Each structure stands twice: as C-alpha cells, then as structure tokens.
Amino acid sequence: MERKSQMIKSSKMSGAKFIANTFKGYGVTHVFYVEGILRRSLVEMEALGIQRILTHSEKTAAYMADGYAKASGRPGVCMAQSVGAANLASGLQDPFLGFSPVIAISGRRPPIAQYRHGYQEILHYVMFDPVTKFNARVETIEQLPYLLRQAFREATSGAPRPVHLEFCGYEGEMIDRAEADLGLLVEERFCRIPSIRPEPEADCVKEAAQILANAERPVIVAGGGAKTSSAGPEIIKLAELLSIPVATSLNGKDIIPEYHPLNVGVVGSYSRWCANQVVWESDMVLYVGSATGDQVTNSWTFPKQGTRVIQIDINPSELGRSYPNIVGLMGDAKVTVSKLAKCVKPKKGNSTWAQRAGQLVRRWRNEVEPLRNSDASPIMPERLCKEITDVLPEDGILVSDTGNAAIWTGTMAYIMHPGQSYIRCAGSLGWALPASLGAKCGAPERPVLCFIGDGGFWYHLGELETAARWGIKTVTVVNNNCCLAQCIRGINLAYGDIEGNKDHMYKFRMVNFAKLAEQIGCLGLRVEHPSEIRAALKTALAADVPAVVDVVTDPEHSTAWPPSRTFNK
C-alpha cells in the first residue's frame, strides 16, 4: 500500500500545538518523559489523547520508548530537560545497539546562558553523537517543521536507530512557546518501520540463488533486521524449498516457530550448542538482516574461516563487514528473500544435511528436557522457562533482560505460535522492566510478560510505581537467585587459588519482591516450588493490575550454558 504525505494545515500556531499535532499525525500514542520538558506541548498532547507517561528516570524513559517501538513498529518518543540529557543519552545506548526507532528530545539553555556557568548546564549535545544516527539542534521555531519530520525519516528509514533533537530552552520553552506560520505535514511512509523497502540487483539475486541451491550444507542465519522487515514467512518458504536449516540471532528468535523441522535454534554466545554445531559444519551461510557481530558468531569463531557467506542487509556498509561475501545483496530482507525464493527450484524430500541438523536438535532436546521438567527446589531456571512456554498466550510478548535472563529465555523458553513475539535487551542490565511497560503501551491488546533476574530488577524497581500509577498491566517474572549469576565464572577465574570473600562481589540479600510489589500497588506472588509456577503465572496474566511473580531459583545452578568451542558433540 502506498504511503502518502498529508498536508494537514498551514497556519500560525505555537510550537507546542505543532509538536502535539505532528505526533498525533505520525501515530504516536504515548510519550515517556521526566518532568520538566515541553510542558505546553504535553498539555496539547493531552487534548489529542496522547498518553503522557511520567517516569522515575530519563534512562527508563528511553527504555520504555525502545520497548514501545519494538512492540508497535512505530517510533517511540522520550524526553528530558537539559540536566537530564546525559541520563537520556545513556538510555539510548540500548535502542542504538538494538536498531530501534526512538526519537529523543531534550532541552538546553539559550545561547546567552552558554559558557557562563549556567546552573546544571554542560555541553550535553555531543553525548548523543555515539548513540544516534541523527543529532540536531532546533534553535528557532522556523526549523521545527523540517527537523521534526527529518527525525521521523531518520528513525524509520534504512536500519532504524535513535535520533535526537535538542530544543532551545532549558525545558525546550523557546520552541514550545514561540509562534510562527507553520505547515503541518505528515509523511505517512515514515510513521512505521520499515518505511522504505529497497530491492536488490536482479543479477546478484540470480547468482546468490544458484550458489545457495548448489551448496551441500547451507544454513540460514536470520537476525533482527529480518524481524524488523517481517521476513519470517519468506525465510521459512525459502528454507522449505531448499531444505535448509534455519538458525536465528537472539533478536530474531521468534522468526520461526520452535518446532518447525528446520529450526535449529539461537546461534552464537547466548545459544544452543546444536545451532552452533550446524553453523560450524555448514559450507555456506546466508545471513539475513544480521549485523554479524560477536554475539551471533561467538566472537567470530563460527562460521569457521573460509566458509562461503552470502549476506542480505538494508545497509550496504554491512555487506562483508565481518565475513567476505561471495555475493552481497543490498535490500529489504522480506523483498530480497522473496526474490531469492522465486529463483530457486524446490528440492524433493528432506536432504541428508537437514536430517543431520534435525538429529543435532533432537540430541540437544534430550539433554535439556530433564532440566525443563525438574521438580527440584530451589527451582531450576529451565523449569521456569518451560512453564512460561506453556502459559504464554498465543499473542503474548516475552520481554527478556540481558545476561543470564537472555540466555535462559533464548534457549529454554520456546516461541510456539506465529502470533507470539520475543523482545530482548541489547545489553543494558535492568532494561526489561521499563521496556516491558513501553511494549504494553505500544501493543495494549497483547499480554506482555517480562523475564528478569533480581540483579536487573533492582536497577529500575521504581518503575513498578509507574506501572501501578498508569495501570500498565504487565507481568514481571523475577528469576530470584540473590546474585549476579552471570558474573560467577569471571569472579572465580579472578580469584583462582586465592582464598577470599567472593560473596561480596556478586551476592545480594534475599528479598521478597512479591511483598514489595504489593506495597507499590501491584499484585505480588511468591513462588518457591515448581508446582506453584503455572498457577501463579495464570493468576498474574488474569490480574487487573500489574503483577510481579517472584520465583526463588537455585543459586548453585545459576550460570547458563556457555557455547562449546570444541564442537565434539
């Protein structure tokens, strides 16, 4: 469907009215902010039905905007005054690394206050350069229409990433309060991602299709860019035509259902050994929308050196960045994979290579199923993930924190239905709680379940109050083992044979998070035995208030499986 530009009106209006109407026109339903920024704009937004979510920190405002964007496919908006800009910039690191369309707005004191020791004023603007793809100053109201539209263009085009606008005035009031003759133009193409779907060169597609069809042991690795493009059905079709195993990055986990016969699982460092083994044994890898960073390749140890690689990416600078491409296809993942599928002839039957991949997956499942069904107490994280798998609604969104939370959910929580989504953190511990609130705002009709460790939960515990205050009905499952579990291995290596007090480096006090949640105004449920998990999750999902399910898990079984480098399975 063609997306057109729509000129709504051109008349004299305040910056506040222009900002509010622009957001409304672009489909923004929520903004996440710390007081005070663009106060008059926020008043105008109220009149238009845009929900204003006051958060407890600028960083969590950015995380909420990130979760909103990932769940809705629309740009998420976060805002902070001048003194909060540094915190806002730090919060953009995760959506930048996770390729998320977030629009950040901050204030700054006017030029007369610069270089004169203005209260709370430093040069914040440059802090946004490393975490945005577009960083601009709005000095006058006449610039506002051009730069605000450009922000939406930049955030949603190509590989989506955050943008930042710095408004003149400590709280942006120099733009907020000013008036001018402003033309309100909404470019509908840039309301969602992907905004533009470029097509690859036809000759390159034909060459790639021939190489792929002739490969003996090909594998597809689908990444977050494939998910952004909604390329899952096309990837599955291509895989089925040629009987090719499909691995995914953690970001792309929900591209293919768990029990599809060609799904080998998440590959890399937060992964399953069966997926790593398949990529290691392959003679050709087709990367679709994957940045080929260290996580999906286990620090670039596989595919092994010399393996042929075809790469599909919307950003031409990514083609061959980590692995030389025999063919590089610049284009939208959905469009490009669809064209590849049209160029290949179906293979009959299940290939020997696909049978080998399936055998490895079955061996992995046989290893982990006893753990996923364990009745041990304290509870095994694998069992917790199995119960989440069984209870997550068919249209549910599972939001995962980083560290062991990502490893457990990436390997042990299964995405069983096409309508389910998996959203994960790009690396900032504690991200998942606020991001899950943003995800619920972006997809209010869908159940949202957050999985987070107690170490991450402590980071932004205060946002439970935000959830209670606004009635944002998420379910937060806390994997409570009283420690920073992923650090244990590194701490043990640091100590070696030295006697000392390791505990102070990673252990916490045991706290009943269910009781804390009740005090804040949420439903709190404490789980200490595996048999209690399912009922607690179902009660939490049915609750009329935000819910916290505090699950006491085994601290001695708290370090998730590391990927094998020996490949001797």
# chains A, B, ... in the order shown; residues from 1 in each chain; ligands from 1
call {"tool": "residues_around", "arguments": {"residues": "segment 197-209 of chain A", "least_positions_apart": "5", "cutoff": "12 Å", "atoms": "only C-alpha atoms", "output": "JSON, numbers by chain"}}
result
{"A": [1, 2, 156, 157, 158, 159, 189, 190, 192, 214, 215, 218, 228, 229, 230, 231, 238, 241, 242, 284, 285, 286, 287, 308, 309, 310, 311, 312, 313, 314, 315, 316, 325, 326, 327, 328, 329, 330, 331, 332, 333, 334, 335, 336, 337, 338, 339, 340, 341, 342, 343, 344, 345, 346]}
call {"tool": "residues_around", "arguments": {"residues": "Val278 of chain A", "least_positions_apart": "3", "cutoff": "8 Å", "atoms": "only C-alpha atoms", "output": "NGL selection string"}}
result
:A and (219 or 264 or 274-275 or 281-282 or 357 or 360)
call {"tool": "write_last_selection", "arguments": {"atoms": "N, CA and C atoms", "output": "PDB file, in the first residue's frame"}}
result
ATOM      1  N   VAL A 219      23.161 -23.050   5.505  1.00  0.00           N
ATOM      2  CA  VAL A 219      22.350 -22.690   6.662  1.00  0.00           C
ATOM      3  C   VAL A 219      21.956 -21.229   6.539  1.00  0.00           C
ATOM      4  N   VAL A 264      16.885 -24.763  14.047  1.00  0.00           N
ATOM      5  CA  VAL A 264      17.943 -25.331  14.896  1.00  0.00           C
ATOM      6  C   VAL A 264      18.208 -24.472  16.126  1.00  0.00           C
ATOM      7  N   CYS A 274      23.406 -27.028  19.570  1.00  0.00           N
ATOM      8  CA  CYS A 274      23.010 -27.642  18.295  1.00  0.00           C
ATOM      9  C   CYS A 274      23.040 -26.618  17.158  1.00  0.00           C
ATOM     10  N   ALA A 275      22.627 -25.393  17.445  1.00  0.00           N
ATOM     11  CA  ALA A 275      22.668 -24.350  16.413  1.00  0.00           C
ATOM     12  C   ALA A 275      24.116 -24.010  16.064  1.00  0.00           C
ATOM     13  N   GLU A 281      29.429 -26.737  10.975  1.00  0.00           N
ATOM     14  CA  GLU A 281      29.561 -27.777   9.949  1.00  0.00           C
ATOM     15  C   GLU A 281      29.146 -27.301   8.552  1.00  0.00           C
ATOM     16  N   SER A 282      28.509 -26.151   8.469  1.00  0.00           N
ATOM     17  CA  SER A 282      27.979 -25.695   7.178  1.00  0.00           C
ATOM     18  C   SER A 282      29.104 -25.322   6.209  1.00  0.00           C
ATOM     19  N   ALA A 357      21.025 -31.904  10.758  1.00  0.00           N
ATOM     20  CA  ALA A 357      20.662 -30.786  11.630  1.00  0.00           C
ATOM     21  C   ALA A 357      19.552 -31.199  12.595  1.00  0.00           C
ATOM     22  N   LEU A 360      20.896 -33.295  15.447  1.00  0.00           N
ATOM     23  CA  LEU A 360      21.575 -32.497  16.471  1.00  0.00           C
ATOM     24  C   LEU A 360      20.564 -31.808  17.385  1.00  0.00           C
TER      25      LEU A 360
END
call {"tool": "residues_around", "arguments": {"residues": "segment 379-385 of chain A", "least_positions_apart": "2", "cutoff": "6 Å", "atoms": "only C-alpha atoms", "output": "list in words"}}
result
Leu371, Arg372, Asn373, Ala376, Ser377, Glu387, Ile388, Met412, Ala413, Pro530, Thr553 and Asp554 of chain A
call {"tool": "write_last_selection", "arguments": {"atoms": "C-alpha atoms", "output": "compact mmCIF listing (two decimals), in the first residue's frame"}}
result
# COMPACT_ATOMS: atom_id res chain seq x y z
CA LEU A 371 16.05 -29.99 33.40
CA ARG A 372 12.97 -28.33 31.90
CA ASN A 373 10.79 -30.83 33.77
CA ALA A 376 13.94 -29.66 42.21
CA SER A 377 13.59 -26.95 44.82
CA GLU A 387 6.27 -23.07 32.50
CA ILE A 388 6.47 -19.69 30.75
CA MET A 412 14.81 -22.63 27.16
CA ALA A 413 11.67 -20.52 26.58
CA PRO A 530 7.91 -25.78 40.72
CA THR A 553 15.58 -20.25 41.88
CA ASP A 554 18.70 -22.27 42.57
call {"tool": "atom_distance", "arguments": {"atom1": "atom CA of Ser322 of chain A", "atom2": "atom CA of Phe99 of chain A"}}
result
18.1 Å
call {"tool": "closest_residue", "arguments": {"among": "A:Ala69, A:Ile220, A:Ile53, A:Ala47", "to": "Pro303 of chain A", "atoms": "only C-alpha atoms"}}
result
A:Ile220
call {"tool": "residues_around", "arguments": {"residues": "Gly27 of chain A", "least_positions_apart": "5", "cutoff": "9 Å", "atoms": "only C-alpha atoms", "output": "mmCIF file with C-alpha atoms, in the first residue's frame"}}
result
data_model
loop_
_atom_site.group_PDB
_atom_site.id
_atom_site.type_symbol
_atom_site.label_atom_id
_atom_site.label_comp_id
_atom_site.auth_asym_id
_atom_site.auth_seq_id
_atom_site.Cartn_x
_atom_site.Cartn_y
_atom_site.Cartn_z
ATOM 1 C CA THR A 22 2.715 16.244 14.469
ATOM 2 C CA ARG A 74 6.272 2.860 15.365
ATOM 3 C CA PRO A 75 8.812 5.394 16.664
ATOM 4 C CA CYS A 191 5.131 6.527 10.552
ATOM 5 C CA ARG A 192 6.302 2.891 10.806
#
call {"tool": "closest_residue", "arguments": {"among": "A:Pro393, A:Ser82, A:Ala89, A:Asn480", "to": "Gly118 of chain A", "atoms": "only C-alpha atoms"}}
result
A:Ser82
call {"tool": "closest_residue", "arguments": {"among": "A:Gly36, A:Gly252, A:Gly232, A:Pro378", "to": "Tyr422 of chain A", "atoms": "only C-alpha atoms"}}
result
A:Gly252
call {"tool": "closest_residue", "arguments": {"among": "A:Pro261, A:Gly462, A:Pro245, A:Gly293", "to": "Val279 of chain A", "atoms": "only C-alpha atoms"}}
result
A:Pro245
call {"tool": "residues_around", "arguments": {"residues": "Lys17 of chain A", "least_positions_apart": "4", "cutoff": "8 Å", "atoms": "only C-alpha atoms", "output": "ChimeraX atom specification"}}
result
/A:13,21,41,44
call {"tool": "select_by_dssp", "arguments": {"residues": "segment 299-470 of chain A", "states": "alpha helix (DSSP H)", "output": "PyMOL selection string"}}
result
chain A and resi 333-343+352-372+381-391+404-412+432-442+454-459+463-470
call {"tool": "closest_residue", "arguments": {"among": "A:Met127, A:Val475, A:Ala439, A:Ile175", "to": "Pro145 of chain A", "atoms": "only C-alpha atoms"}}
result
A:Ile175
call {"tool": "select_by_dssp", "arguments": {"residues": "segment 158-330 of chain A", "states": "strand (DSSP E)", "output": "JSON, numbers by chain"}}
result
{"A": [163, 164, 165, 166, 167, 168, 179, 180, 181, 182, 183, 184, 185, 186, 187, 218, 219, 220, 221, 222, 246, 247, 248, 263, 264, 265, 266, 284, 285, 286, 287, 288, 308, 309, 310, 311, 312, 313, 327, 328, 329, 330]}
call {"tool": "residues_around", "arguments": {"residues": "segment 149-152 of chain A", "least_positions_apart": "2", "cutoff": "12 Å", "atoms": "only C-alpha atoms", "output": "PyMOL selection string"}}
result
chain A and resi 5+18-19+22-23+25-28+74-77+101-105+132-138+143-147+154-158+160-166+183-195
call {"tool": "residues_around", "arguments": {"residues": "Gly453 of chain A", "least_positions_apart": "3", "cutoff": "9 Å", "atoms": "only C-alpha atoms", "output": "number ranges by chain"}}
result
A: 401-405, 430, 456-458, 477-485
call {"tool": "closest_residue", "arguments": {"among": "A:Gln355, A:Thr60, A:Ser14, A:Thr476", "to": "Tyr459 of chain A", "atoms": "only C-alpha atoms"}}
result
A:Thr60
call {"tool": "closest_atom_pairs", "arguments": {"of": "segment 457-479 of chain A", "to": "segment 505-520 of chain A", "cutoff": "8 Å", "atoms": "only C-alpha atoms", "output": "tab-separated table"}}
result
residue	atom	partner	partner_atom	distance
A:Leu464	CA	A:Ile520	CA	7.0
A:Glu465	CA	A:Ile520	CA	5.8
A:Ala468	CA	A:Ile520	CA	7.2
